[in-house]
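What follows is the content of upload.pdb (PDB, C-alpha atoms, pLDDT in the B column).
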ATOM      1  CA  MET A   1      24.837   3.686  -5.773  1.00 66.00           C
ATOM      2  CA  LYS A   2      24.512  -0.059  -5.103  1.00 64.00           C
ATOM      3  CA  TRP A   3      22.506   0.691  -1.963  1.00 67.00           C
ATOM      4  CA  LEU A   4      20.055   2.790  -4.000  1.00 61.00           C
ATOM      5  CA  LEU A   5      19.593   0.025  -6.579  1.00 58.00           C
ATOM      6  CA  VAL A   6      19.080  -2.606  -3.884  1.00 59.00           C
ATOM      7  CA  SER A   7      16.533  -0.377  -2.114  1.00 63.00           C
ATOM      8  CA  LEU A   8      14.672   0.261  -5.364  1.00 60.00           C
ATOM      9  CA  ALA A   9      14.608  -3.465  -6.189  1.00 63.00           C
ATOM     10  CA  ALA A  10      13.228  -4.249  -2.724  1.00 65.00           C
ATOM     11  CA  LEU A  11      10.516  -1.608  -3.107  1.00 64.00           C
ATOM     12  CA  VAL A  12       9.472  -2.978  -6.495  1.00 63.00           C
ATOM     13  CA  GLY A  13       9.380  -6.480  -5.026  1.00 62.00           C
ATOM     14  CA  TYR A  14       7.148  -5.364  -2.166  1.00 60.00           C
ATOM     15  CA  SER A  15       4.878  -3.511  -4.590  1.00 60.00           C
ATOM     16  CA  ALA A  16       4.518  -6.550  -6.832  1.00 56.00           C
ATOM     17  CA  HIS A  17       3.808  -8.802  -3.871  1.00 54.00           C
ATOM     18  CA  ALA A  18       1.162  -6.486  -2.423  1.00 52.00           C
ATOM     19  CA  GLU A  19      -0.510  -6.052  -5.801  1.00 53.00           C
ATOM     20  CA  ASN A  20      -0.828  -9.824  -6.294  1.00 56.00           C
ATOM     21  CA  ALA A  21      -1.762 -10.793  -2.724  1.00 54.00           C
ATOM     22  CA  GLU A  22      -5.346 -11.344  -1.650  1.00 55.00           C
ATOM     23  CA  PRO A  23      -6.352  -8.406   0.562  1.00 51.00           C
ATOM     24  CA  LYS A  24      -8.017  -9.094   3.899  1.00 50.00           C
ATOM     25  CA  GLN A  25      -9.688  -6.412   5.975  1.00 49.00           C
ATOM     26  CA  ALA A  26      -7.526  -5.633   9.011  1.00 47.00           C
ATOM     27  CA  THR A  27      -8.652  -4.429  12.363  1.00 48.00           C
ATOM     28  CA  SER A  28      -7.513  -0.893  12.884  1.00 46.00           C
ATOM     29  CA  ALA A  29      -6.655   0.967  16.067  1.00 49.00           C
ATOM     30  CA  TYR A  30      -8.601   3.952  14.776  1.00 49.00           C
ATOM     31  CA  SER A  31     -11.892   4.346  12.993  1.00 53.00           C
ATOM     32  CA  SER A  32     -11.904   6.730  10.045  1.00 69.00           C
ATOM     33  CA  PRO A  33     -13.985   6.638   6.858  1.00 79.00           C
ATOM     34  CA  ARG A  34     -11.057   8.253   5.001  1.00 84.00           C
ATOM     35  CA  PHE A  35      -8.609   5.371   5.490  1.00 86.00           C
ATOM     36  CA  THR A  36      -8.987   1.615   5.264  1.00 86.00           C
ATOM     37  CA  ARG A  37      -6.196  -0.850   5.932  1.00 84.00           C
ATOM     38  CA  ASP A  38      -5.911  -4.284   4.333  1.00 83.00           C
ATOM     39  CA  THR A  39      -3.436  -6.987   5.228  1.00 76.00           C
ATOM     40  CA  THR A  40      -1.593  -9.094   2.676  1.00 72.00           C
ATOM     41  CA  GLU A  41      -0.340 -12.664   2.866  1.00 75.00           C
ATOM     42  CA  ASP A  42       2.895 -11.235   4.284  1.00 69.00           C
ATOM     43  CA  ILE A  43       1.902 -10.308   7.824  1.00 73.00           C
ATOM     44  CA  ASN A  44       4.482  -7.507   8.037  1.00 80.00           C
ATOM     45  CA  ILE A  45       3.134  -5.593   5.035  1.00 86.00           C
ATOM     46  CA  GLN A  46      -0.233  -3.862   4.933  1.00 88.00           C
ATOM     47  CA  MET A  47      -1.910  -1.717   2.314  1.00 88.00           C
ATOM     48  CA  GLU A  48      -3.714   1.455   3.383  1.00 90.00           C
ATOM     49  CA  THR A  49      -6.139   3.274   1.087  1.00 91.00           C
ATOM     50  CA  ASP A  50      -6.796   7.000   1.384  1.00 92.00           C
ATOM     51  CA  HIS A  51     -10.375   7.376   0.142  1.00 90.00           C
ATOM     52  CA  GLU A  52     -10.084  11.166  -0.063  1.00 90.00           C
ATOM     53  CA  THR A  53      -7.319  11.018  -2.695  1.00 91.00           C
ATOM     54  CA  GLY A  54      -7.829   7.450  -3.944  1.00 90.00           C
ATOM     55  CA  CYS A  55      -4.141   6.642  -3.369  1.00 93.00           C
ATOM     56  CA  ARG A  56      -2.852   3.402  -1.864  1.00 92.00           C
ATOM     57  CA  TYR A  57       0.184   3.047   0.397  1.00 93.00           C
ATOM     58  CA  LEU A  58       2.304   0.109   1.517  1.00 90.00           C
ATOM     59  CA  ILE A  59       3.096  -0.018   5.205  1.00 89.00           C
ATOM     60  CA  ALA A  60       5.896  -2.247   6.482  1.00 87.00           C
ATOM     61  CA  GLU A  61       5.414  -2.474  10.232  1.00 81.00           C
ATOM     62  CA  GLY A  62       8.379  -0.902  11.972  1.00 82.00           C
ATOM     63  CA  GLN A  63       9.985  -0.011   8.635  1.00 87.00           C
ATOM     64  CA  GLY A  64       8.006   2.805   7.024  1.00 91.00           C
ATOM     65  CA  ILE A  65       5.390   3.759   4.474  1.00 91.00           C
ATOM     66  CA  THR A  66       5.599   4.292   0.712  1.00 91.00           C
ATOM     67  CA  PRO A  67       3.067   4.900  -2.061  1.00 93.00           C
ATOM     68  CA  LEU A  68       1.989   1.805  -3.966  1.00 91.00           C
ATOM     69  CA  LEU A  69       3.301   2.210  -7.503  1.00 91.00           C
ATOM     70  CA  LYS A  70       1.903   0.912 -10.785  1.00 92.00           C
ATOM     71  CA  SER A  71       4.162  -0.944 -13.211  1.00 94.00           C
ATOM     72  CA  ASN A  72       4.916   2.348 -15.018  1.00 95.00           C
ATOM     73  CA  GLY A  73       6.178   3.957 -11.774  1.00 93.00           C
ATOM     74  CA  THR A  74       3.242   6.280 -11.117  1.00 92.00           C
ATOM     75  CA  PRO A  75       1.325   6.186  -7.801  1.00 92.00           C
ATOM     76  CA  ASP A  76      -1.721   3.900  -7.699  1.00 91.00           C
ATOM     77  CA  CYS A  77      -4.515   6.416  -7.028  1.00 91.00           C
ATOM     78  CA  ASN A  78      -7.447   4.561  -8.627  1.00 88.00           C
ATOM     79  CA  ALA A  79      -9.219   3.493  -5.431  1.00 85.00           C
ATOM     80  CA  PRO A  80     -12.825   4.631  -4.947  1.00 80.00           C
ATOM     81  CA  LYS A  81     -12.982   8.080  -3.373  1.00 80.00           C
ATOM     82  CA  LEU A  82     -15.397   9.135  -0.628  1.00 76.00           C
ATOM     83  CA  GLY A  83     -18.926   9.177  -2.000  1.00 73.00           C
ATOM     84  CA  GLN A  84     -18.076   6.880  -4.937  1.00 70.00           C
ATOM     85  CA  GLN A  85     -18.139   3.617  -3.006  1.00 58.00           C
TER      86      GLN A  85
END

Have the structure of the file written as structure tokens, please.
Amino acid sequence: MKWLLVSLAALVGYSAHAENAEPKQATSAYSSPRFTRDTTEDINIQMETDHETGCRYLIAEGQGITPLLKSNGTPDCNAPKLGQQ
């Protein structure tokens, strides 16, 4: 149970940091109009936006990927979708 609480606290911390950090456009190994990847001040965490669904994801290099959550716990899917940019 403690492990779950610690993991949840870490996830919330990463989400808050990524939400407040200034995004910078990252160079990507692939070119796709559906996805864009932005780096944050923390070099190990990047934010990827899926422009088909409008959802944003946090990517911790070598660690995994998780949806970016709003303060109420719902996924942040308010990014511009394809054709709305």

Exercise. So which residues get picked by the PyMOL selection byres ((chain A and resi 81) around 6) here, written as number ranges by chain?
Worked result: A: 51-52, 54, 80, 82, 84

Exercise. If you measure from CA of Gly73 in chain A to CA of Pro33 in chain A, what distance in Å do you get, rounded to one decimal?
Worked result: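 Computed distance, CA of Gly73 in chain A to CA of Pro33 in chain A, equals 27.6 Å.
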
For this session: Grab the CA of Ile43 in chain A to CA of Ser71 in chain A distance for me, in Å with one decimal place.
Result: 23.1 Å

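Shortest separation to Lys70 in chain A among A:Glu41, A:Gly83, A:Asp50, A:Arg56 occurs at residue A:Arg56, atoms counted being all atoms listed in the file.
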
Problem set entry | Residue IDs satisfying the PyMOL selection byres ((chain A and resi 46) around 7), as a list in words |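 Checked against the file, the PyMOL selection byres ((chain A and resi 46) around 7) matches Arg37, Asp38, Thr39, Thr40, Asn44, Ile45, Met47, Glu48, Leu58, Ile59 and Ala60 of chain A.
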
Exercise. For the atom pair CA of Ala79 in chain A and CA of Ile65 in chain A, what is the interatomic distance in Å to one decimal place?
Worked result: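 Computing it gives 17.7 Å between the two atoms.
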
Problem set entry | Which of A:Thr36, A:Asn72, A:Thr66, A:Asn78 sits closest to Thr53 in chain A [using all atoms listed in the file] | A:Asn78

Could you put an axis-aligned box around every listed atom of range 43-55 of chain A, padded by 4 Å on each side, and send me its centre and edge lengths in Å to one decimal, as JSON?
{"center_x": -2.9, "center_y": 0.4, "center_z": 2.0, "size_x": 22.9, "size_y": 29.5, "size_z": 20.0}
